[in-house]
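The next block holds one structure in the form of structure tokens; read it before the comments.
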Amino acid sequence: MSGGALTGPALAAELDRLAAAPRLLVALDFDGTLAPLVDDPAAARALPAAREALLGLHALPGTSVALVSGRALASLAEVGEAPDDLPLIGSHGLEVRMSATDALPPLDAADADRVLALRSRLEPLVAQVEGAWIEAKPAGLAVHSRLVTDAEAARLLDAAVRASAAELDPALTVRAGKGVVEFAVRDATKGDGLRILIDRLAPDAVLFAGDDVTDEDGFAVLGPHDLGVKVGDGPTAARARVADPAAMAALLTHVLDARRRLSGDTR
Ligand SMILES: [Mg+2]
């Protein structure tokens, strides 16, 4: 079957099968999946129908709902308006919280030491340049030079890259952007984040939905009893496809209604 081929009545039957799983994990990307894409990322909110369905599922026994996003965890918690006991995966799998009081450390001790060594190497370089600053990241740090003259910024970023990548820690991932260079000691994907959720929650079936290329890493870890749902156009490894966040909200409502019926809950 080609990617995303499951739609219509065949999809509805598959959702009913999923809804009957003793333990069900519903893991959802946020932007473009629950929330329509908007220009201001801070203004993004889940469609009311999507939010109602996911809170309904979250309240059912044997049912876990999680958000899995590329956003930083704090930003995801804010726009997702997530209850404290809802698991969140941020920064494409680098940041994991099982609840508001149970966040997993993003790095082991060795990697945390690498970040410290990197910081002490870069701090003197950055301190010499007015307007430049260091931002802590889940698995490393970023050197910002937006407020620095072009020539000085180029010199600083060049020196930072040389000092860190070439001399200190050649295994660092270095990503250059506009007026910023990011250094990371570890990479992760949404697939890594989804695997952590599956290990912790041990579901019998997983429903995972996403709209973007990075969600393909999530679809890739699903098993034969799970269901991937691609939101929108584009090639995908997901078995099912819906058109947009409104259709995704309808899908979640279908799963909620089916699961309530099966549990004898007739609200
Ligand atoms: Mg998305």
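Following the order of the structure tokens, chains are lettered A, B, ..., residues in each are numbered from 1, and ligands are numbered from 1.
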
Residues contacting ligand 1 - anything with an atom at most 8 Å away, using only C-alpha atoms and all ligand atoms - can you give me those as a PDB file with N, CA and C atoms, in the first residue's frame?
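Listing of selection20.pdb after writing:
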```
ATOM      1  N   ASP A  29       1.664  15.565  16.756  1.00  0.00           N
ATOM      2  CA  ASP A  29       2.359  16.804  16.442  1.00  0.00           C
ATOM      3  C   ASP A  29       1.384  17.957  16.740  1.00  0.00           C
ATOM      4  N   PHE A  30       1.910  19.153  16.936  1.00  0.00           N
ATOM      5  CA  PHE A  30       1.025  20.272  17.271  1.00  0.00           C
ATOM      6  C   PHE A  30       0.748  21.185  16.065  1.00  0.00           C
ATOM      7  N   ASP A  31       1.787  21.915  15.631  1.00  0.00           N
ATOM      8  CA  ASP A  31       1.601  22.905  14.553  1.00  0.00           C
ATOM      9  C   ASP A  31       1.286  22.224  13.218  1.00  0.00           C
ATOM     10  N   GLY A  32       0.183  22.607  12.599  1.00  0.00           N
ATOM     11  CA  GLY A  32      -0.194  22.033  11.310  1.00  0.00           C
ATOM     12  C   GLY A  32      -0.957  20.725  11.437  1.00  0.00           C
ATOM     13  N   THR A  33      -1.051  20.224  12.680  1.00  0.00           N
ATOM     14  CA  THR A  33      -1.754  18.958  12.918  1.00  0.00           C
ATOM     15  C   THR A  33      -2.983  19.195  13.801  1.00  0.00           C
ATOM     16  N   SER A  69       6.654  17.603  19.348  1.00  0.00           N
ATOM     17  CA  SER A  69       6.831  18.800  18.525  1.00  0.00           C
ATOM     18  C   SER A  69       8.292  19.155  18.317  1.00  0.00           C
ATOM     19  N   GLY A  70       8.544  19.951  17.316  1.00  0.00           N
ATOM     20  CA  GLY A  70       9.871  20.531  17.133  1.00  0.00           C
ATOM     21  C   GLY A  70      10.094  21.736  18.017  1.00  0.00           C
ATOM     22  N   GLY A 210       1.073  13.674  12.142  1.00  0.00           N
ATOM     23  CA  GLY A 210       1.906  14.844  11.911  1.00  0.00           C
ATOM     24  C   GLY A 210       1.801  15.319  10.474  1.00  0.00           C
ATOM     25  N   ASP A 211       2.218  16.562  10.255  1.00  0.00           N
ATOM     26  CA  ASP A 211       2.045  17.165   8.927  1.00  0.00           C
ATOM     27  C   ASP A 211       3.355  17.411   8.192  1.00  0.00           C
ATOM     28  N   ASP A 212       4.502  17.244   8.890  1.00  0.00           N
ATOM     29  CA  ASP A 212       5.744  17.758   8.306  1.00  0.00           C
ATOM     30  C   ASP A 212       6.741  16.629   8.022  1.00  0.00           C
ATOM     31  N   ASP A 215       8.032  14.579  10.903  1.00  0.00           N
ATOM     32  CA  ASP A 215       7.124  13.578  11.473  1.00  0.00           C
ATOM     33  C   ASP A 215       7.339  12.197  10.854  1.00  0.00           C
TER      34      ASP A 215
END
```

Handout entry: Non-local contacts of stretch 231-237 of chain A (10 Å; only C-alpha atoms; under 4 positions in same chain excluded) as a ChimeraX atom specification
Key = /A:1-5,29,32-34,209-213,215-220,222,241-248

Which residues of stretch 13-119 of chain A have any atom within 12 Å of an atom in stretch 141-156 of chain A when counting only C-alpha atoms, and what is the closest pair of atoms for each, with the distance in Å to one decimal? Order the rows by chain and rising number and write it as CSV.
```
residue,atom,partner,partner_atom,distance
A:Ala112,CA,A:Leu141,CA,11.3
A:Arg114,CA,A:Leu141,CA,11.0
A:Val115,CA,A:Leu141,CA,7.5
A:Leu116,CA,A:Leu141,CA,9.7
A:Ala117,CA,A:Leu141,CA,11.3
A:Leu118,CA,A:Leu141,CA,8.5
A:Arg119,CA,A:Leu141,CA,7.6
```

Just N, CA, C and O atoms for this one: save the residues we selected as a PDB file, in the first residue's frame.
```
ATOM      1  N   ALA A 112      26.716  16.271  29.134  1.00  0.00           N
ATOM      2  CA  ALA A 112      26.596  17.523  29.886  1.00  0.00           C
ATOM      3  C   ALA A 112      27.983  18.141  30.091  1.00  0.00           C
ATOM      4  O   ALA A 112      28.155  19.366  30.000  1.00  0.00           O
ATOM      5  N   ARG A 114      30.506  17.775  28.057  1.00  0.00           N
ATOM      6  CA  ARG A 114      30.931  18.326  26.759  1.00  0.00           C
ATOM      7  C   ARG A 114      30.359  19.730  26.559  1.00  0.00           C
ATOM      8  O   ARG A 114      31.036  20.615  26.044  1.00  0.00           O
ATOM      9  N   VAL A 115      29.098  19.923  26.987  1.00  0.00           N
ATOM     10  CA  VAL A 115      28.488  21.253  26.843  1.00  0.00           C
ATOM     11  C   VAL A 115      29.215  22.265  27.730  1.00  0.00           C
ATOM     12  O   VAL A 115      29.485  23.398  27.316  1.00  0.00           O
ATOM     13  N   LEU A 116      29.565  21.846  28.964  1.00  0.00           N
ATOM     14  CA  LEU A 116      30.293  22.745  29.876  1.00  0.00           C
ATOM     15  C   LEU A 116      31.654  23.134  29.297  1.00  0.00           C
ATOM     16  O   LEU A 116      32.049  24.300  29.331  1.00  0.00           O
ATOM     17  N   ALA A 117      32.371  22.156  28.739  1.00  0.00           N
ATOM     18  CA  ALA A 117      33.683  22.427  28.149  1.00  0.00           C
ATOM     19  C   ALA A 117      33.547  23.393  26.986  1.00  0.00           C
ATOM     20  O   ALA A 117      34.355  24.323  26.825  1.00  0.00           O
ATOM     21  N   LEU A 118      32.507  23.180  26.196  1.00  0.00           N
ATOM     22  CA  LEU A 118      32.254  24.053  25.046  1.00  0.00           C
ATOM     23  C   LEU A 118      31.979  25.482  25.515  1.00  0.00           C
ATOM     24  O   LEU A 118      32.530  26.453  24.983  1.00  0.00           O
ATOM     25  N   ARG A 119      31.141  25.581  26.554  1.00  0.00           N
ATOM     26  CA  ARG A 119      30.785  26.907  27.050  1.00  0.00           C
ATOM     27  C   ARG A 119      32.023  27.648  27.573  1.00  0.00           C
ATOM     28  O   ARG A 119      32.213  28.833  27.275  1.00  0.00           O
TER      29      ARG A 119
END
```

Practice task
Write out as number ranges by chain all residues of stretch 70-244 of chain A that backbone DSSP assigns to helix (DSSP H, G or I).
Solution key: A: 73-80, 91-93, 109-127, 150-168, 190-201, 213-220

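Considering only C-alpha atoms, the residue among A:Val185, A:Val180, A:Ala127, A:Leu227 positioned nearest to A:Ala110 is A:Val185.
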
Practice task
Among the residues of stretch 5-156 of chain A, find those DSSP assigns to strand (DSSP E or B) from the backbone and print them as a ChimeraX atom specification.
Solution key: /A:6,24-28,31,35,63-68,88-90,95-99,102-104,133-137,140-144

Exercise for the section: Choose the residue, out of A:Pro22, A:Gly140, A:Pro83, A:Pro36, that has the smallest atom-to-atom separation from A:Glu182; count only C-alpha atoms. Expected result: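 That would be A:Gly140, the residue with the smallest distance to A:Glu182.
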
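Atom CA of A:Arg195 to atom CA of A:Leu207 spans 12.9 Å [interatomic distance, one decimal].
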
Practice task
Give the answer as one residue: which of A:Pro106, A:Glu78, A:Thr7, A:Asp113 has the shortest atom-to-atom distance to A:Ala238, using only C-alpha atoms?
Solution key: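 Closest residue, counting only C-alpha atoms: A:Thr7.
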
Practice task
Would you kindly return, as a list of chain:residue names, each protein, DNA or RNA residue with an atom no farther than 9 Å from any atom of A:Leu55, considering only C-alpha atoms and excluding same-chain residues fewer than 4 positions away?
Solution key: A:Ala50, A:Arg51, A:Ala59, A:Leu60, A:Val65, A:Pro83

File of the preceding selection, N, CA and C atoms, as a PDB file, in the first residue's frame:
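Listed below is the output, result39.pdb:
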```pdb
ATOM      1  N   ALA A  50     -10.342  19.844  18.244  1.00  0.00           N
ATOM      2  CA  ALA A  50      -9.181  18.977  18.462  1.00  0.00           C
ATOM      3  C   ALA A  50      -8.841  18.935  19.943  1.00  0.00           C
ATOM      4  N   ARG A  51      -8.877  20.099  20.572  1.00  0.00           N
ATOM      5  CA  ARG A  51      -8.545  20.179  21.999  1.00  0.00           C
ATOM      6  C   ARG A  51      -9.560  19.393  22.835  1.00  0.00           C
ATOM      7  N   ALA A  59      -8.730  11.782  29.391  1.00  0.00           N
ATOM      8  CA  ALA A  59      -9.492  11.469  30.608  1.00  0.00           C
ATOM      9  C   ALA A  59      -9.946  10.008  30.652  1.00  0.00           C
ATOM     10  N   LEU A  60      -9.854   9.285  29.535  1.00  0.00           N
ATOM     11  CA  LEU A  60     -10.331   7.899  29.501  1.00  0.00           C
ATOM     12  C   LEU A  60      -9.302   6.947  30.108  1.00  0.00           C
ATOM     13  N   VAL A  65      -2.410  10.532  26.029  1.00  0.00           N
ATOM     14  CA  VAL A  65      -2.287  11.504  24.949  1.00  0.00           C
ATOM     15  C   VAL A  65      -0.995  12.259  25.175  1.00  0.00           C
ATOM     16  N   PRO A  83      -2.438  20.042  30.052  1.00  0.00           N
ATOM     17  CA  PRO A  83      -2.564  19.732  31.480  1.00  0.00           C
ATOM     18  C   PRO A  83      -1.219  19.242  32.019  1.00  0.00           C
TER      19      PRO A  83
END
```

Practice task
Find the spatial neighbours of A:Arg97, counting only C-alpha atoms, within a cut-off of 7 Å - ignore same-chain residues fewer than 4 positions away - and output them as number ranges by chain.
Solution key: A: 87-89, 102-104

Handout entry: Residue among A:His58, A:Arg45, A:Lys178, A:Arg121 lying closest to A:Val255, counting only C-alpha atoms
Key = A:His58

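Across A:Ala163, A:Leu54, A:Val126, A:Ile134, the tightest approach to A:Thr253 is made by A:Leu54 when counting only C-alpha atoms.
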
Handout entry: Nearest to A:Leu252 by atom-to-atom distance, counting only C-alpha atoms, from A:Leu76, A:Leu57, A:Val38, A:Ala184
Key =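 Once distances to A:Leu252 are computed over only C-alpha atoms, the minimum belongs to A:Leu57.
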